[in-house]
Amino acid sequence: MAFNVDTIRKDFPVLNQQVHGYPLVYLDNAATTQKPQCVIDALTHYYEYDNANIHRGVHTLSERATAKYEAARQKIGAYIHASSEKEIIFVRGATEAINLVAQTYGRKNISAGDEILVSMMEHHSNIVPWQMLCEQTGATLKVIPMNEHGELIQDKFVELLNKNTALLAIGHLSNALGTVNPVKEMIEKAHALGVPVLVDGAQATAHMTVDVVDLDVDFYVMSAHKMFGPTGVGALYAKAELLAEMPPWHGGGDMIRTVSFSGSTYSQAPYKFEAGTPNIAGAIAWGAAIDYLNDIGLNYIAAHEHDLLAYATNKARQVAGLKVIGQAKDKASILSFVMSDIHPHDLGTILDRCGVAVRAGHHCAMPVMQYFDIAATTRASFAFYNTTEEIDRLFAALAYAQEMFS
Amino acid sequence: MFFDLKDLYQQVIVDHNKHPRNFREIESCSHDADGYNPLCGDQLHVYLKVNEHHLVQDISFKGTGCAISIASASLMTETMTGKTVDEAKVLFESFQQMVTSDITEEQDFSHLGKLAALAGVREFPSRIKCAILCWHTVQAALSGDQDAARTE
Ligand SMILES: Cc1ncc(COP(=O)(O)O)c(C=O)c1O
C-alpha cells in the first residue's frame, strides 16, 4: 500500500473537526495518539457481539472473546518480534508494566547494596517505581547523565556500570526530547556485566520497528494508547525464563491453578501475572491497531515522520527567540522548545485558540527540565497522519503569539 | 477569531507580566509562604508586612510562572497594599468568585478595580489555577500554613 497521508487522515474521525473555528491540528501524539475507525469499530463490535468473560466459560461468546483476546496477544508479540506470545503480559499500560517488574523481579532479585541504573531523561514512570523499590530494599538509584543536546553520555554510562548494578532501566525514545537512545549497544554493555535491562518502549513502538530478540532486551514495556489503540491497556514483554522465575504480583482469579486455605498454586506466565478480568475489549482493539499499522507499514510511517520532524526543525531554526530543547543526532517525532518571553503555558493556550493542540509542561520528566534549568517546554509531537501544512499552522500560531506578547 | 484570546491577554496583563510590580523580597516581612502549581511549574513566594493594626503595609512576590500567574500576583500586590487583613480576605473571595463565575452571565466586576483585567480567565478553565495561585499563597502566609500553597 503506497503511503498517502490524505487517505490515511480519513481513517481518523477525530481529526475531522473544528476547534475554536479552525480545523484541528493535533500535535500532542506523545501524550496520546488518535484512534483509527477500525480500532473504534473493534471496540464496539466486541461489546455488540462478543462481550463475555474470558478463560472461564464454555459458552460460545466466552470462547469467541477468549480467542480474540489471545489473538491480540499474538499480534502484539509478533509486532515486537517476541519468540512466543507467552512472553506478553497484558497490563494497564507502560506504567503498570514497570511497576510489575519492580515489585516482582525487583523484590526477588534486588537487595541492599545493589544499584539500579536509570537515565536522566526518563519519564517519571521509569523513575518512581525504582525509587519505591530502593526504599523497600535498600538499593540505590544511579543516574546516567546527558549532554546539552539531550544525548546520554555513553562514557559515563560505562563508568556507572559495575558489579553492584542489578538492573538497567532506560527509555527507547524520550517523550520530552525525542532522543532515540542506542539501546542495543547499551544492552550489550550491560549484559557483558550480567546486568539485565528493561527498556521503556512507550514512545518508540508507534514510530519504529522493535525487535526484542535482536535487542536481546530482558523487559520491554508498552502502552496501546500511544500507538493508536485504546487507553487502559498495555503490555510487558519479558523473556520466558525470567517470567518463569518471577513471583506473581496481584493475586486473584485467573492467575491461579488451585486455591485452598492451606495454600494456592499459580498458573504459568502469562496468566500468572494477569489476575482479575482484564481490559478485554481494549486488548482486542489494540490488536486491530497493530493490524492497521502493519497494513500501512512502519517503514513508510518512519519515513514520513522523519520528513515532518526535519521540516519542523528547519522552520524552528528561523524563528527568533525559539530554542529547541533536545537536539540529539538520533531523534524521532518530537519537537520540544522554549521561546524567550513567552511561558509554554501561555503558548499552549494561544495555540489552542488557533486550533493547534500541543503539550505545555514538564512532560512527566522533571529531571530533564531541571537539567536545562527551565520549568517547562512546549512540545509538538508528530504522528504519521500529520502534514507539513499542519506544521505551517503551528508556526503561524507561534508568530501570532509573539506578536501578542511584543 | 482571536477575540477571546485578547480577553485573556489584555494589555494590562501583558504589561504586568513584562514588568511585574513589587517583584522583590521584603527582608523584615511578618508573613511569607511558597506557592506551587504542579501542572505548569509556576512557583511563587509572597512576602507580607502586616502591622499591629492588621494593615498590609507592604506586600511583594518573587518567582517564575506563566503570564497569567505573574500578572495576577503583580496586580494582587498593587491592590492589597494598604488594605486590612479582613479587607484582603473579602477581596480574595470576590476575586475567586470572578474567575470561577459563569461566562454566559453578564457581570459587573468594577468593584474589583484593576483586578477585573483577569476576568478573561473565566473562558479558560485550565488557566484559573494560574490566576488564583498567588491568592492561595497569601492565604497560606496569613494563616501561617507552612506547607506550600497548592492549587490542586
Ligand atoms: C517514555 C514514556 N514512558 C512511560 C509512559 C507512561 O505511559 P502510560 O501513562 O501509558 O502508562 C509515557 C507516557 O507518557 C512515556 O512517554
# chains A, B, ... in the order shown; residues from 1 in each chain; ligands from 1
$ interface_residues --of "chain A" --to "chain B" --cutoff "8 Å" --atoms "only C-alpha atoms" --output "JSON, numbers by chain"
{"A": [20, 21, 342, 343, 344, 345, 346, 350, 353, 354, 360, 361, 362, 375, 376, 404, 405]}
$ closest_atom_pairs --of "chain A" --to "ligand 1" --cutoff "10 Å" --atoms "only C-alpha atoms and all ligand atoms" --output "Markdown table"
| residue | atom | partner | partner_atom_place_in_ligand_line | distance |
| --- | --- | --- | --- | --- |
| A:Asn29 | CA | ligand 1 | 16 (O) | 9.8 |
| A:Ala30 | CA | ligand 1 | 16 (O) | 6.2 |
| A:Ala31 | CA | ligand 1 | 14 (O) | 5.5 |
| A:Thr32 | CA | ligand 1 | 14 (O) | 7.7 |
| A:Val91 | CA | ligand 1 | 11 (O) | 9.4 |
| A:Arg92 | CA | ligand 1 | 11 (O) | 7.1 |
| A:Gly93 | CA | ligand 1 | 11 (O) | 4.2 |
| A:Ala94 | CA | ligand 1 | 11 (O) | 3.9 |
| A:Thr95 | CA | ligand 1 | 11 (O) | 3.6 |
| A:Glu96 | CA | ligand 1 | 11 (O) | 6.2 |
| A:Ala97 | CA | ligand 1 | 11 (O) | 7.9 |
| A:Ile98 | CA | ligand 1 | 4 (C) | 8.7 |
| A:Asn99 | CA | ligand 1 | 11 (O) | 9.9 |
| A:Met121 | CA | ligand 1 | 1 (C) | 8.8 |
| A:Glu122 | CA | ligand 1 | 1 (C) | 6.6 |
| A:His123 | CA | ligand 1 | 3 (N) | 5.0 |
| A:His124 | CA | ligand 1 | 4 (C) | 7.4 |
| A:Ser125 | CA | ligand 1 | 4 (C) | 5.4 |
| A:Asn126 | CA | ligand 1 | 3 (N) | 6.6 |
| A:Ile127 | CA | ligand 1 | 3 (N) | 9.8 |
| A:Ile170 | CA | ligand 1 | 1 (C) | 9.2 |
| A:Gly171 | CA | ligand 1 | 1 (C) | 6.0 |
| A:His172 | CA | ligand 1 | 1 (C) | 7.5 |
| A:Leu173 | CA | ligand 1 | 1 (C) | 6.4 |
| A:Ser174 | CA | ligand 1 | 1 (C) | 5.4 |
| A:Asn175 | CA | ligand 1 | 16 (O) | 4.6 |
| A:Ala176 | CA | ligand 1 | 16 (O) | 7.6 |
| A:Leu177 | CA | ligand 1 | 1 (C) | 10.0 |
| A:Gly178 | CA | ligand 1 | 1 (C) | 9.5 |
| A:Val199 | CA | ligand 1 | 3 (N) | 9.4 |
| A:Asp200 | CA | ligand 1 | 3 (N) | 5.7 |
| A:Gly201 | CA | ligand 1 | 1 (C) | 6.7 |
| A:Ala202 | CA | ligand 1 | 2 (C) | 4.8 |
| A:Gln203 | CA | ligand 1 | 1 (C) | 5.3 |
| A:Ala204 | CA | ligand 1 | 1 (C) | 8.0 |
| A:Val221 | CA | ligand 1 | 4 (C) | 8.3 |
| A:Met222 | CA | ligand 1 | 7 (O) | 7.4 |
| A:Ser223 | CA | ligand 1 | 10 (O) | 4.8 |
| A:Ala224 | CA | ligand 1 | 10 (O) | 7.4 |
| A:His225 | CA | ligand 1 | 10 (O) | 6.7 |
| A:Lys226 | CA | ligand 1 | 10 (O) | 6.9 |
| A:Thr231 | CA | ligand 1 | 10 (O) | 7.5 |
| A:Gly232 | CA | ligand 1 | 10 (O) | 7.6 |
| A:Val233 | CA | ligand 1 | 10 (O) | 8.0 |
| A:Gly234 | CA | ligand 1 | 10 (O) | 7.3 |
| A:Ala235 | CA | ligand 1 | 11 (O) | 9.8 |
| A:His363 | CA | ligand 1 | 14 (O) | 7.3 |
| A:Cys364 | CA | ligand 1 | 14 (O) | 7.0 |
| A:Ala365 | CA | ligand 1 | 1 (C) | 8.9 |
$ write_last_selection --atoms "N, CA and C atoms" --output "compact mmCIF listing (two decimals), in the first residue's frame"
# COMPACT_ATOMS: atom_id res chain seq x y z
N ASN A 29 0.74 13.94 20.04
CA ASN A 29 0.72 12.49 19.89
C ASN A 29 1.60 11.75 20.90
N ALA A 30 2.55 12.45 21.49
CA ALA A 30 3.36 11.79 22.51
C ALA A 30 2.55 11.59 23.79
N ALA A 31 1.54 12.42 24.00
CA ALA A 31 0.68 12.23 25.18
C ALA A 31 -0.27 11.08 24.92
N THR A 32 -0.99 11.16 23.82
CA THR A 32 -1.76 10.00 23.37
C THR A 32 -2.09 10.19 21.90
N VAL A 91 -1.26 -5.63 30.68
CA VAL A 91 -1.34 -4.78 31.87
C VAL A 91 -2.14 -3.54 31.48
N ARG A 92 -2.19 -2.55 32.37
CA ARG A 92 -2.94 -1.33 32.05
C ARG A 92 -2.15 -0.38 31.16
N GLY A 93 -0.83 -0.51 31.18
CA GLY A 93 -0.01 0.40 30.37
C GLY A 93 1.44 0.27 30.77
N ALA A 94 2.27 1.11 30.16
CA ALA A 94 3.70 1.06 30.43
C ALA A 94 3.99 1.25 31.92
N THR A 95 3.28 2.17 32.53
CA THR A 95 3.50 2.44 33.95
C THR A 95 3.29 1.19 34.80
N GLU A 96 2.19 0.50 34.54
CA GLU A 96 1.92 -0.69 35.34
C GLU A 96 2.95 -1.78 35.05
N ALA A 97 3.39 -1.86 33.80
CA ALA A 97 4.38 -2.88 33.44
C ALA A 97 5.68 -2.68 34.21
N ILE A 98 6.10 -1.42 34.34
CA ILE A 98 7.35 -1.14 35.06
C ILE A 98 7.17 -1.45 36.54
N ASN A 99 6.03 -1.08 37.08
CA ASN A 99 5.77 -1.40 38.50
C ASN A 99 5.74 -2.91 38.73
N MET A 121 16.90 11.23 31.41
CA MET A 121 15.78 11.64 30.57
C MET A 121 14.55 10.73 30.71
N GLU A 122 14.52 9.93 31.78
CA GLU A 122 13.38 9.02 31.93
C GLU A 122 12.08 9.75 32.25
N HIS A 123 11.00 9.17 31.80
CA HIS A 123 9.65 9.56 32.21
C HIS A 123 9.51 9.18 33.70
N HIS A 124 8.72 9.93 34.43
CA HIS A 124 8.57 9.63 35.87
C HIS A 124 8.20 8.16 36.12
N SER A 125 7.50 7.56 35.17
CA SER A 125 7.08 6.17 35.37
C SER A 125 8.27 5.21 35.29
N ASN A 126 9.40 5.67 34.80
CA ASN A 126 10.60 4.83 34.82
C ASN A 126 11.61 5.35 35.85
N ILE A 127 11.13 6.14 36.80
CA ILE A 127 11.96 6.62 37.90
C ILE A 127 11.33 6.21 39.23
N ILE A 170 15.86 1.88 31.04
CA ILE A 170 16.15 3.00 30.15
C ILE A 170 15.08 3.17 29.08
N GLY A 171 14.84 4.42 28.69
CA GLY A 171 13.84 4.70 27.67
C GLY A 171 14.39 4.48 26.28
N HIS A 172 13.52 4.04 25.38
CA HIS A 172 13.91 3.82 23.99
C HIS A 172 13.86 5.16 23.24
N LEU A 173 12.76 5.87 23.44
CA LEU A 173 12.56 7.17 22.78
C LEU A 173 12.03 8.13 23.83
N SER A 174 12.77 9.20 24.07
CA SER A 174 12.40 10.14 25.13
C SER A 174 11.19 10.98 24.75
N ASN A 175 10.18 10.99 25.61
CA ASN A 175 8.97 11.76 25.31
C ASN A 175 9.18 13.26 25.48
N ALA A 176 10.20 13.64 26.23
CA ALA A 176 10.43 15.07 26.47
C ALA A 176 11.35 15.68 25.43
N LEU A 177 12.25 14.88 24.87
CA LEU A 177 13.30 15.41 23.99
C LEU A 177 13.27 14.84 22.58
N GLY A 178 12.67 13.67 22.43
CA GLY A 178 12.68 12.99 21.14
C GLY A 178 13.93 12.18 20.88
N VAL A 199 13.66 -1.91 28.93
CA VAL A 199 13.54 -0.76 28.03
C VAL A 199 12.09 -0.28 28.03
N ASP A 200 11.93 1.03 28.26
CA ASP A 200 10.62 1.67 28.24
C ASP A 200 10.32 2.06 26.79
N GLY A 201 9.46 1.26 26.17
CA GLY A 201 9.14 1.48 24.76
C GLY A 201 7.85 2.23 24.54
N ALA A 202 7.35 2.91 25.59
CA ALA A 202 6.05 3.58 25.48
C ALA A 202 5.97 4.48 24.25
N GLN A 203 7.03 5.24 23.98
CA GLN A 203 7.01 6.14 22.83
C GLN A 203 7.47 5.46 21.55
N ALA A 204 8.39 4.53 21.67
CA ALA A 204 9.06 4.00 20.47
C ALA A 204 8.13 3.18 19.57
N VAL A 221 8.47 -2.56 27.76
CA VAL A 221 7.11 -2.17 28.17
C VAL A 221 6.48 -1.23 27.14
N MET A 222 5.18 -1.32 27.00
CA MET A 222 4.47 -0.51 26.01
C MET A 222 3.04 -0.18 26.44
N SER A 223 2.49 0.87 25.83
CA SER A 223 1.12 1.32 26.09
C SER A 223 0.35 1.36 24.78
N ALA A 224 -0.82 0.75 24.73
CA ALA A 224 -1.62 0.72 23.50
C ALA A 224 -2.01 2.13 23.03
N HIS A 225 -2.34 3.00 24.01
CA HIS A 225 -2.89 4.31 23.60
C HIS A 225 -1.86 5.20 22.91
N LYS A 226 -0.59 4.88 23.07
CA LYS A 226 0.44 5.68 22.40
C LYS A 226 0.67 5.17 20.98
N THR A 231 -7.03 3.46 25.48
CA THR A 231 -6.37 3.67 26.77
C THR A 231 -6.68 2.49 27.69
N GLY A 232 -5.88 2.36 28.73
CA GLY A 232 -6.16 1.35 29.75
C GLY A 232 -5.66 -0.04 29.43
N VAL A 233 -4.82 -0.17 28.42
CA VAL A 233 -4.23 -1.48 28.15
C VAL A 233 -2.81 -1.27 27.63
N GLY A 234 -1.94 -2.21 27.98
CA GLY A 234 -0.55 -2.15 27.57
C GLY A 234 0.04 -3.52 27.77
N ALA A 235 1.35 -3.62 27.61
CA ALA A 235 1.95 -4.94 27.76
C ALA A 235 3.34 -4.86 28.34
N HIS A 363 6.21 17.40 30.98
CA HIS A 363 6.13 16.12 30.27
C HIS A 363 6.50 14.93 31.15
N CYS A 364 6.16 15.02 32.44
CA CYS A 364 6.50 13.94 33.37
C CYS A 364 7.98 13.59 33.30
N ALA A 365 8.79 14.60 33.06
CA ALA A 365 10.24 14.37 33.04
C ALA A 365 10.90 15.57 33.71
$ select_by_dssp --residues "segment 92-275 of chain A" --states "helix (DSSP H, G or I)" --output "ChimeraX atom specification"
/A:94-109,124-126,128-137,154-160,183-192,204-206,212-215,224-227,240-245,271-273
$ residues_around --residues "His304 of chain A" --least-positions-apart "4" --cutoff "7 Å" --atoms "only C-alpha atoms" --output "mmCIF file with N, CA and C atoms, in the first residue's frame"
data_model
loop_
_atom_site.group_PDB
_atom_site.id
_atom_site.type_symbol
_atom_site.label_atom_id
_atom_site.label_comp_id
_atom_site.auth_asym_id
_atom_site.auth_seq_id
_atom_site.Cartn_x
_atom_site.Cartn_y
_atom_site.Cartn_z
ATOM 1 N N TYR A 300 7.151 3.159 6.055
ATOM 2 C CA TYR A 300 6.541 4.377 5.495
ATOM 3 C C TYR A 300 6.276 5.396 6.594
ATOM 4 N N LEU A 308 8.586 15.098 8.466
ATOM 5 C CA LEU A 308 7.867 16.098 9.262
ATOM 6 C C LEU A 308 8.794 16.754 10.282
ATOM 7 N N PHE A 384 1.988 9.831 11.984
ATOM 8 C CA PHE A 384 2.035 9.705 10.524
ATOM 9 C C PHE A 384 0.868 10.390 9.825
#
$ atom_distance --atom1 "atom CA of Val85 of chain B" --atom2 "atom CA of Ala73 of chain B"
16.8 Å
$ residues_around --residues "Thr165 of chain A" --least-positions-apart "2" --cutoff "8 Å" --atoms "only C-alpha atoms" --output "list in words"
Asp114, Glu115, Ile116, Leu117, Leu161, Asn162, Lys163, Leu167, Leu168 and Val195 of chain A
$ atom_distance --atom1 "atom CA of Cys134 of chain A" --atom2 "atom CA of Gln103 of chain A"
10.8 Å
$ select_by_dssp --residues "segment 171-274 of chain A" --states "strand (DSSP E)" --output "ChimeraX atom specification"
/A:171,197-200,219-223,234-238,256-260,263-266
$ write_last_selection --atoms "N, CA and C atoms" --output "mmCIF file, in the first residue's frame"
data_model
loop_
_atom_site.group_PDB
_atom_site.id
_atom_site.type_symbol
_atom_site.label_atom_id
_atom_site.label_comp_id
_atom_site.auth_asym_id
_atom_site.auth_seq_id
_atom_site.Cartn_x
_atom_site.Cartn_y
_atom_site.Cartn_z
ATOM 1 N N GLY A 171 14.842 4.422 28.693
ATOM 2 C CA GLY A 171 13.837 4.704 27.674
ATOM 3 C C GLY A 171 14.387 4.485 26.276
ATOM 4 N N VAL A 197 18.250 -5.788 31.550
ATOM 5 C CA VAL A 197 17.851 -4.464 31.070
ATOM 6 C C VAL A 197 16.345 -4.398 30.802
ATOM 7 N N LEU A 198 15.730 -3.324 31.329
ATOM 8 C CA LEU A 198 14.346 -3.011 30.983
ATOM 9 C C LEU A 198 14.359 -1.799 30.050
ATOM 10 N N VAL A 199 13.658 -1.906 28.926
ATOM 11 C CA VAL A 199 13.539 -0.762 28.030
ATOM 12 C C VAL A 199 12.089 -0.279 28.033
ATOM 13 N N ASP A 200 11.935 1.032 28.264
ATOM 14 C CA ASP A 200 10.616 1.668 28.240
ATOM 15 C C ASP A 200 10.319 2.055 26.794
ATOM 16 N N PHE A 219 13.347 -6.974 29.459
ATOM 17 C CA PHE A 219 11.974 -6.491 29.681
ATOM 18 C C PHE A 219 11.718 -5.335 28.726
ATOM 19 N N TYR A 220 10.540 -5.329 28.104
ATOM 20 C CA TYR A 220 10.181 -4.218 27.218
ATOM 21 C C TYR A 220 8.736 -3.844 27.526
ATOM 22 N N VAL A 221 8.466 -2.557 27.760
ATOM 23 C CA VAL A 221 7.108 -2.170 28.166
ATOM 24 C C VAL A 221 6.475 -1.231 27.145
ATOM 25 N N MET A 222 5.175 -1.318 27.005
ATOM 26 C CA MET A 222 4.465 -0.514 26.007
ATOM 27 C C MET A 222 3.037 -0.184 26.439
ATOM 28 N N SER A 223 2.491 0.871 25.832
ATOM 29 C CA SER A 223 1.120 1.324 26.092
ATOM 30 C C SER A 223 0.354 1.362 24.780
ATOM 31 N N GLY A 234 -1.944 -2.208 27.985
ATOM 32 C CA GLY A 234 -0.553 -2.147 27.568
ATOM 33 C C GLY A 234 0.043 -3.517 27.767
ATOM 34 N N ALA A 235 1.349 -3.622 27.607
ATOM 35 C CA ALA A 235 1.950 -4.941 27.759
ATOM 36 C C ALA A 235 3.341 -4.856 28.343
ATOM 37 N N LEU A 236 3.661 -5.915 29.048
ATOM 38 C CA LEU A 236 5.037 -6.168 29.447
ATOM 39 C C LEU A 236 5.527 -7.342 28.620
ATOM 40 N N TYR A 237 6.639 -7.156 27.909
ATOM 41 C CA TYR A 237 7.341 -8.288 27.330
ATOM 42 C C TYR A 237 8.452 -8.651 28.299
ATOM 43 N N ALA A 238 8.616 -9.924 28.575
ATOM 44 C CA ALA A 238 9.781 -10.371 29.341
ATOM 45 C C ALA A 238 10.195 -11.732 28.812
ATOM 46 N N ILE A 256 -4.454 -18.322 39.111
ATOM 47 C CA ILE A 256 -4.209 -19.466 39.991
ATOM 48 C C ILE A 256 -4.403 -20.799 39.251
ATOM 49 N N ARG A 257 -3.823 -21.831 39.792
ATOM 50 C CA ARG A 257 -4.143 -23.180 39.316
ATOM 51 C C ARG A 257 -5.140 -23.787 40.290
ATOM 52 N N THR A 258 -4.798 -23.775 41.574
ATOM 53 C CA THR A 258 -5.736 -24.254 42.596
ATOM 54 C C THR A 258 -5.703 -23.293 43.780
ATOM 55 N N VAL A 259 -6.824 -23.188 44.464
ATOM 56 C CA VAL A 259 -6.875 -22.370 45.668
ATOM 57 C C VAL A 259 -7.466 -23.198 46.790
ATOM 58 N N SER A 260 -6.778 -23.266 47.915
ATOM 59 C CA SER A 260 -7.378 -23.840 49.112
ATOM 60 C C SER A 260 -6.827 -23.068 50.288
ATOM 61 N N GLY A 263 -3.259 -23.213 51.086
ATOM 62 C CA GLY A 263 -2.315 -22.589 50.143
ATOM 63 C C GLY A 263 -2.825 -22.711 48.730
ATOM 64 N N SER A 264 -2.312 -21.802 47.854
ATOM 65 C CA SER A 264 -2.761 -21.800 46.468
ATOM 66 C C SER A 264 -1.563 -22.036 45.555
ATOM 67 N N THR A 265 -1.852 -22.565 44.387
ATOM 68 C CA THR A 265 -0.780 -22.687 43.395
ATOM 69 C C THR A 265 -1.126 -21.809 42.209
ATOM 70 N N TYR A 266 -0.084 -21.384 41.516
ATOM 71 C CA TYR A 266 -0.284 -20.368 40.484
ATOM 72 C C TYR A 266 -0.185 -20.942 39.084
#
$ atom_distance --atom1 "atom CA of Ala285 of chain A" --atom2 "atom CA of Ala42 of chain A"
5.1 Å
$ residues_around --residues "Val90 of chain B" --least-positions-apart "3" --cutoff "12 Å" --atoms "only C-alpha atoms" --output "count of residues only"
15
$ closest_residue --among "A:Glu305, A:Asp155, A:Asp352, A:Glu241" --to "Met208 of chain A" --atoms "only C-alpha atoms"
A:Glu305
$ residues_around --residues "Thr100 of chain B" --least-positions-apart "6" --cutoff "9 Å" --atoms "only C-alpha atoms" --output "PyMOL selection string"
chain B and resi 119+121-122+125+128
$ write_last_selection --atoms "C-alpha atoms" --output "compact mmCIF listing (two decimals), in the first residue's frame"
# COMPACT_ATOMS: atom_id res chain seq x y z
CA ALA B 119 -11.95 38.26 34.34
CA VAL B 121 -9.63 33.60 32.61
CA ARG B 122 -13.25 32.52 33.10
CA PRO B 125 -10.82 26.78 32.69
CA ILE B 128 -7.95 29.61 36.50
$ residues_around --residues "Ala102 of chain A" --least-positions-apart "4" --cutoff "7 Å" --atoms "only C-alpha atoms" --output "MDAnalysis selection string"
chainID A and resid 98 106:107 129:130 133
$ write_last_selection --atoms "all heavy atoms" --output "PDB file, in the first residue's frame"
ATOM      1  N   ILE A  98       6.102  -1.417  34.337  1.00  0.00           N
ATOM      2  CA  ILE A  98       7.354  -1.141  35.058  1.00  0.00           C
ATOM      3  C   ILE A  98       7.173  -1.453  36.543  1.00  0.00           C
ATOM      4  O   ILE A  98       8.048  -2.070  37.174  1.00  0.00           O
ATOM      5  CB  ILE A  98       7.795   0.322  34.830  1.00  0.00           C
ATOM      6  CG1 ILE A  98       8.110   0.539  33.341  1.00  0.00           C
ATOM      7  CG2 ILE A  98       9.022   0.654  35.696  1.00  0.00           C
ATOM      8  CD1 ILE A  98       8.324   1.996  32.941  1.00  0.00           C
ATOM      9  N   GLY A 106      12.082  -7.283  40.813  1.00  0.00           N
ATOM     10  CA  GLY A 106      12.900  -6.427  41.660  1.00  0.00           C
ATOM     11  C   GLY A 106      12.907  -6.881  43.111  1.00  0.00           C
ATOM     12  O   GLY A 106      13.968  -7.005  43.728  1.00  0.00           O
ATOM     13  N   ARG A 107      11.711  -7.128  43.664  1.00  0.00           N
ATOM     14  CA  ARG A 107      11.645  -7.524  45.076  1.00  0.00           C
ATOM     15  C   ARG A 107      12.379  -8.839  45.309  1.00  0.00           C
ATOM     16  O   ARG A 107      12.933  -9.076  46.377  1.00  0.00           O
ATOM     17  CB  ARG A 107      10.190  -7.671  45.526  1.00  0.00           C
ATOM     18  CG  ARG A 107       9.475  -6.355  45.721  1.00  0.00           C
ATOM     19  CD  ARG A 107      10.040  -5.539  46.874  1.00  0.00           C
ATOM     20  NE  ARG A 107       9.554  -5.927  48.170  1.00  0.00           N
ATOM     21  CZ  ARG A 107       8.459  -5.436  48.747  1.00  0.00           C
ATOM     22  NH1 ARG A 107       7.750  -4.517  48.143  1.00  0.00           N
ATOM     23  NH2 ARG A 107       8.093  -5.835  49.946  1.00  0.00           N
ATOM     24  N   PRO A 129       8.891   4.074  40.263  1.00  0.00           N
ATOM     25  CA  PRO A 129       8.799   2.677  40.724  1.00  0.00           C
ATOM     26  C   PRO A 129      10.138   2.158  41.246  1.00  0.00           C
ATOM     27  O   PRO A 129      10.176   1.338  42.174  1.00  0.00           O
ATOM     28  CB  PRO A 129       8.377   1.904  39.463  1.00  0.00           C
ATOM     29  CG  PRO A 129       7.728   2.925  38.590  1.00  0.00           C
ATOM     30  CD  PRO A 129       8.451   4.216  38.851  1.00  0.00           C
ATOM     31  N   TRP A 130      11.225   2.666  40.671  1.00  0.00           N
ATOM     32  CA  TRP A 130      12.561   2.229  41.123  1.00  0.00           C
ATOM     33  C   TRP A 130      12.925   2.904  42.433  1.00  0.00           C
ATOM     34  O   TRP A 130      13.574   2.295  43.295  1.00  0.00           O
ATOM     35  CB  TRP A 130      13.611   2.517  40.041  1.00  0.00           C
ATOM     36  CG  TRP A 130      13.230   1.902  38.731  1.00  0.00           C
ATOM     37  CD1 TRP A 130      12.996   2.549  37.563  1.00  0.00           C
ATOM     38  CD2 TRP A 130      12.990   0.497  38.462  1.00  0.00           C
ATOM     39  NE1 TRP A 130      12.633   1.664  36.576  1.00  0.00           N
ATOM     40  CE2 TRP A 130      12.620   0.395  37.102  1.00  0.00           C
ATOM     41  CE3 TRP A 130      13.041  -0.667  39.224  1.00  0.00           C
ATOM     42  CZ2 TRP A 130      12.308  -0.817  36.483  1.00  0.00           C
ATOM     43  CZ3 TRP A 130      12.729  -1.878  38.622  1.00  0.00           C
ATOM     44  CH2 TRP A 130      12.372  -1.947  37.283  1.00  0.00           C
ATOM     45  N   LEU A 133      11.170   0.924  44.961  1.00  0.00           N
ATOM     46  CA  LEU A 133      11.869  -0.346  45.188  1.00  0.00           C
ATOM     47  C   LEU A 133      13.122  -0.122  46.043  1.00  0.00           C
ATOM     48  O   LEU A 133      13.443  -0.933  46.921  1.00  0.00           O
ATOM     49  CB  LEU A 133      12.239  -0.987  43.844  1.00  0.00           C
ATOM     50  CG  LEU A 133      12.974  -2.319  43.924  1.00  0.00           C
ATOM     51  CD1 LEU A 133      12.092  -3.401  44.537  1.00  0.00           C
ATOM     52  CD2 LEU A 133      13.454  -2.772  42.539  1.00  0.00           C
TER      53      LEU A 133
END
